[in-house]
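Coordinates from final.cif are shown below (mmCIF, C-alpha atoms).
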data_upload
#
loop_
_atom_site.label_atom_id
_atom_site.label_comp_id
_atom_site.auth_asym_id
_atom_site.auth_seq_id
_atom_site.Cartn_x
_atom_site.Cartn_y
_atom_site.Cartn_z
CA ALA Q 1 -19.62 -16.85 27.54
CA GLY Q 2 -20.75 -13.27 27.06
CA ILE Q 3 -19.64 -12.82 23.45
CA ALA Q 4 -21.51 -9.91 21.88
CA LYS Q 5 -23.35 -9.11 25.13
CA ASP Q 6 -22.62 -5.42 24.63
CA TRP Q 7 -23.79 -5.24 21.01
CA ALA Q 8 -23.94 -2.56 19.64
CA TYR Q 9 -22.01 -0.59 22.25
CA GLY Q 10 -18.24 -0.50 22.20
CA ARG Q 11 -17.97 -1.56 18.57
CA GLY Q 12 -16.52 0.20 15.59
CA CYS Q 13 -14.83 -0.14 12.24
CA TYR Q 14 -12.07 1.79 10.49
CA VAL Q 15 -11.56 1.45 6.74
CA SER Q 16 -8.56 3.10 5.06
CA ALA Q 17 -9.02 5.39 2.05
CA ASP Q 18 -7.59 2.70 -0.27
CA ARG Q 19 -9.98 0.11 1.33
CA GLN Q 20 -7.05 -2.29 1.83
CA PHE Q 21 -6.75 -1.86 5.59
CA ILE Q 22 -9.57 -2.47 8.07
CA ILE Q 23 -9.79 -2.56 11.85
CA TRP Q 24 -12.88 -4.00 13.55
CA VAL Q 25 -13.28 -3.30 17.27
CA GLY Q 26 -15.67 -5.44 19.30
CA GLU Q 27 -15.89 -8.25 16.76
CA GLU Q 28 -15.71 -11.91 17.92
CA ASP Q 29 -11.91 -11.61 18.21
CA HIS Q 30 -12.34 -8.29 20.05
CA LEU Q 31 -9.92 -6.64 17.64
CA ARG Q 32 -9.54 -7.77 14.05
CA ILE Q 33 -6.97 -6.08 11.83
CA MET Q 34 -7.07 -6.89 8.13
CA CYS Q 35 -4.63 -5.94 5.40
CA MET Q 36 -5.35 -6.76 1.78
CA LYS Q 37 -3.67 -6.06 -1.52
CA LYS Q 38 -4.10 -7.25 -5.07
CA GLY Q 39 -1.08 -8.97 -6.50
CA ALA Q 40 1.26 -11.74 -5.53
CA VAL Q 41 3.79 -9.96 -3.26
CA LEU Q 42 2.88 -11.32 0.17
CA ASN Q 43 5.61 -9.35 1.95
CA ASP Q 44 3.96 -6.02 1.05
CA VAL Q 45 0.82 -6.97 2.95
CA PHE Q 46 2.74 -8.52 5.85
CA ASP Q 47 4.93 -5.39 6.21
CA ARG Q 48 1.85 -3.13 6.29
CA LEU Q 49 0.23 -5.37 8.90
CA GLU Q 50 3.36 -5.37 11.04
CA LYS Q 51 3.50 -1.53 11.00
CA ALA Q 52 -0.20 -1.31 11.86
CA LEU Q 53 0.16 -3.70 14.78
CA GLN Q 54 2.97 -1.57 16.16
CA VAL Q 55 0.85 1.59 15.90
CA VAL Q 56 -2.13 -0.09 17.59
CA SER Q 57 -0.02 -1.66 20.35
CA ASP Q 58 1.49 1.76 21.13
CA ILE Q 59 -1.96 3.23 21.94
CA ASP Q 60 -2.32 3.85 25.68
CA GLY Q 61 -4.80 1.47 27.26
CA ILE Q 62 -4.58 -1.25 24.62
CA ASP Q 63 -3.04 -4.45 25.87
CA PHE Q 64 -3.13 -7.66 23.86
CA ALA Q 65 -4.01 -10.85 25.74
CA LEU Q 66 -0.86 -12.92 25.35
CA SER Q 67 0.14 -16.21 26.91
CA GLU Q 68 3.75 -17.40 26.96
CA SER Q 69 2.48 -20.92 26.34
CA TYR Q 70 -0.28 -20.32 23.78
CA GLY Q 71 0.37 -16.98 22.12
CA VAL Q 72 -2.50 -14.59 21.38
CA VAL Q 73 -5.59 -15.43 23.42
CA THR Q 74 -8.83 -14.80 21.52
CA SER Q 75 -12.46 -15.80 21.89
CA CYS Q 76 -12.18 -17.80 18.66
CA PRO Q 77 -10.21 -21.01 19.37
CA SER Q 78 -9.14 -21.39 15.73
CA ASN Q 79 -7.17 -18.14 16.07
CA LEU Q 80 -5.31 -19.13 19.23
CA GLY Q 81 -1.56 -18.86 18.72
CA THR Q 82 -0.37 -16.10 16.42
CA GLY Q 83 -3.91 -14.85 15.97
CA MET Q 84 -2.95 -14.29 12.34
CA ARG Q 85 -4.73 -15.73 9.32
CA ALA Q 86 -3.05 -14.94 6.02
CA SER Q 87 -4.95 -15.72 2.84
CA VAL Q 88 -5.02 -14.97 -0.85
CA HIS Q 89 -7.80 -15.04 -3.40
CA VAL Q 90 -6.66 -16.95 -6.44
CA ALA Q 91 -8.50 -18.11 -9.56
CA ILE Q 92 -8.06 -21.85 -10.20
CA PRO Q 93 -10.59 -22.53 -12.97
CA ASN Q 94 -9.10 -25.91 -13.95
CA LEU Q 95 -9.26 -27.30 -10.42
CA THR Q 96 -12.82 -25.95 -9.96
CA SER Q 97 -14.15 -26.77 -13.44
CA ASP Q 98 -16.91 -28.95 -11.92
CA GLY Q 99 -18.24 -25.90 -10.02
CA THR Q 100 -16.94 -27.10 -6.65
CA ASP Q 101 -13.77 -26.73 -4.62
CA THR Q 102 -13.50 -30.50 -4.00
CA ARG Q 103 -10.44 -31.07 -6.22
CA ALA Q 104 -8.72 -27.95 -4.86
CA LYS Q 105 -9.29 -29.16 -1.29
CA GLU Q 106 -7.85 -32.60 -2.13
CA ILE Q 107 -4.64 -30.95 -3.34
CA ALA Q 108 -4.53 -28.24 -0.67
CA LYS Q 109 -5.05 -30.45 2.39
CA PRO Q 110 -1.70 -32.31 2.24
CA LEU Q 111 -0.03 -28.93 1.64
CA GLY Q 112 -1.46 -27.69 4.96
CA LEU Q 113 -3.82 -25.24 3.24
CA SER Q 114 -7.52 -24.51 3.65
CA VAL Q 115 -9.79 -23.66 0.72
CA ARG Q 116 -12.80 -21.42 1.30
CA GLY Q 117 -15.23 -19.49 -0.82
CA VAL Q 118 -14.34 -15.88 -1.57
CA GLY Q 119 -16.81 -14.67 1.07
CA GLY Q 120 -15.18 -16.77 3.79
CA GLU Q 121 -16.01 -20.04 5.43
CA HIS Q 122 -19.09 -21.85 4.06
CA THR Q 123 -19.48 -19.56 1.05
CA PRO Q 124 -19.37 -20.55 -2.62
CA ILE Q 125 -16.36 -20.26 -4.89
CA GLY Q 126 -16.29 -17.38 -7.35
CA ALA Q 127 -17.91 -17.81 -10.77
CA ASP Q 128 -14.42 -17.71 -12.34
CA GLY Q 129 -13.08 -20.36 -9.94
CA THR Q 130 -11.66 -17.89 -7.44
CA VAL Q 131 -11.14 -19.31 -3.95
CA ASP Q 132 -9.64 -18.12 -0.68
CA ILE Q 133 -6.48 -20.07 0.24
CA SER Q 134 -4.88 -19.93 3.71
CA PRO Q 135 -2.61 -22.10 5.88
CA ASN Q 136 -4.38 -24.29 8.45
CA SER Q 137 -1.85 -23.74 11.23
CA ARG Q 138 -1.90 -20.83 13.63
CA LEU Q 139 -0.85 -22.56 16.84
CA PHE Q 140 2.86 -23.22 17.50
CA ILE Q 141 3.87 -21.40 14.32
CA LYS Q 142 5.38 -17.94 13.81
CA GLU Q 143 3.86 -15.28 11.57
CA GLY Q 144 6.72 -15.51 9.07
CA GLU Q 145 6.22 -19.27 8.90
CA ILE Q 146 2.55 -18.71 8.03
CA ILE Q 147 3.55 -16.50 5.10
CA GLU Q 148 6.16 -19.05 3.99
CA ALA Q 149 3.64 -21.91 4.18
CA LEU Q 150 1.16 -19.89 2.15
CA TYR Q 151 3.77 -19.04 -0.48
CA LYS Q 152 5.07 -22.61 -0.86
CA GLY Q 153 1.58 -24.07 -0.80
CA LEU Q 154 0.42 -21.66 -3.49
CA GLN Q 155 3.35 -22.61 -5.70
CA ALA Q 156 2.39 -26.29 -5.48
CA LEU Q 157 -1.32 -25.58 -5.96
CA MET Q 158 -0.68 -23.44 -9.03
CA ALA Q 159 1.58 -26.13 -10.47
CA GLU Q 160 -1.38 -28.53 -10.27
CA GLU Q 161 -3.69 -25.90 -11.75
CA ASN Q 162 -1.38 -25.36 -14.73
CA GLN Q 163 -0.84 -29.06 -15.57
#
Would you write out, as structure tokens, the structure that this file holds?
Amino acid sequence: AGIAKDWAYGRGCYVSADRQFIIWVGEEDHLRIMCMKKGAVLNDVFDRLEKALQVVSDIDGIDFALSESYGVVTSCPSNLGTGMRASVHVAIPNLTSDGTDTRAKEIAKPLGLSVRGVGGEHTPIGADGTVDISPNSRLFIKEGEIIEALYKGLQALMAEENQ
């Protein structure tokens, strides 16, 4: 399909001074914008992302591939729709006490959440039981609904962790 055919030309990365905001250009999604922050206030990260998207979209010559039917069009089918993946790293040592994320996945799946290792898909959980939690849905869902699903799912997951 031509993905990465121009490697290493036309690629770049910006990392903010606080290392909590990153833009990758020429990655598999063509443009990946990441906002991160320690803590539990999801709106802070979402607000920063929203401002950054406005700045980027105002740059002359940058047009996002959008479909009225499908949303953001990317080369990665799992990101079709909003194109947004919101996640948090959370320590759940009780649910991962056997050294795996199996129990966490059993609880997370009916909540509509994915559990990954802290390094992303197909990576191990952290030594302290830290995992990456994110909503499964990106298609036919709004960005605010993704944040809400993550928040509600985390509440339920942490209730199980603290039992």
Point to revise | Hits from the PyMOL selection byres ((chain Q and resi 102) around 12), listed as number ranges by chain | key: Q: 92, 94-101, 103-109, 114-117, 124-125, 129, 131
Revision key, fill the gap. If you count all atoms listed in the file, the residue of Q:Leu31, Q:Glu148, Q:Gly153, Q:Gln163 closest to Cys76 (chain Q) turns out to be Q:Leu31
Practice item. Identify, on the basis of only C-alpha atoms, every residue whose closest approach to region 45-59 of chain Q does not exceed 10 Å; exclude the query and any residue fewer than 5 positions from it along the same chain; express the result as a ChimeraX atom specification. Key: /Q:20-21,23,33-40,64,86,143-144,147
Exercise for review: Report the residues retrieved by the PyMOL selection byres ((chain Q and resi 149) around 12) from the displayed file, expressed as an MDAnalysis selection string.
Suggested key: chainID Q and resid 42 85:87 108 110:114 133:138 141:148 150:157
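Using all atoms listed in the file, the contacts of Phe140 (chain Q) at a cut-off of 8 Å, with sequence neighbours closer than 3 positions omitted, comprise Tyr70, Gly81, Thr82 and Ser137 of chain Q.
If you apply the PyMOL selection byres ((chain Q and resi 14) around 9) to this structure, you end up with Gly12, Cys13, Val15, Ser16, Phe21, Ile22, Ile23, Trp24 and Val25 of chain Q.
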Exercise for review: Would you list the residues near (-10.8, -14.4, -1.2), meaning any protein, DNA or RNA residue with an atom at most 6 Å from that point in file coordinates, counting all atoms listed in the file, as a ChimeraX atom specification?
Suggested key: /Q:88-89,118,131-132
Check your understanding: Quick one: distance from CA of Ala91 (chain Q) to CA of Asn43 (chain Q) in Å, one decimal?
Key -> 20.2 Å
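A straight line drawn from CA of Ala65 (chain Q) to CA of Met84 (chain Q) is 13.9 Å long.
Separating CA of Glu160 (chain Q) from CA of Asp128 (chain Q) is a distance of 17.1 Å.
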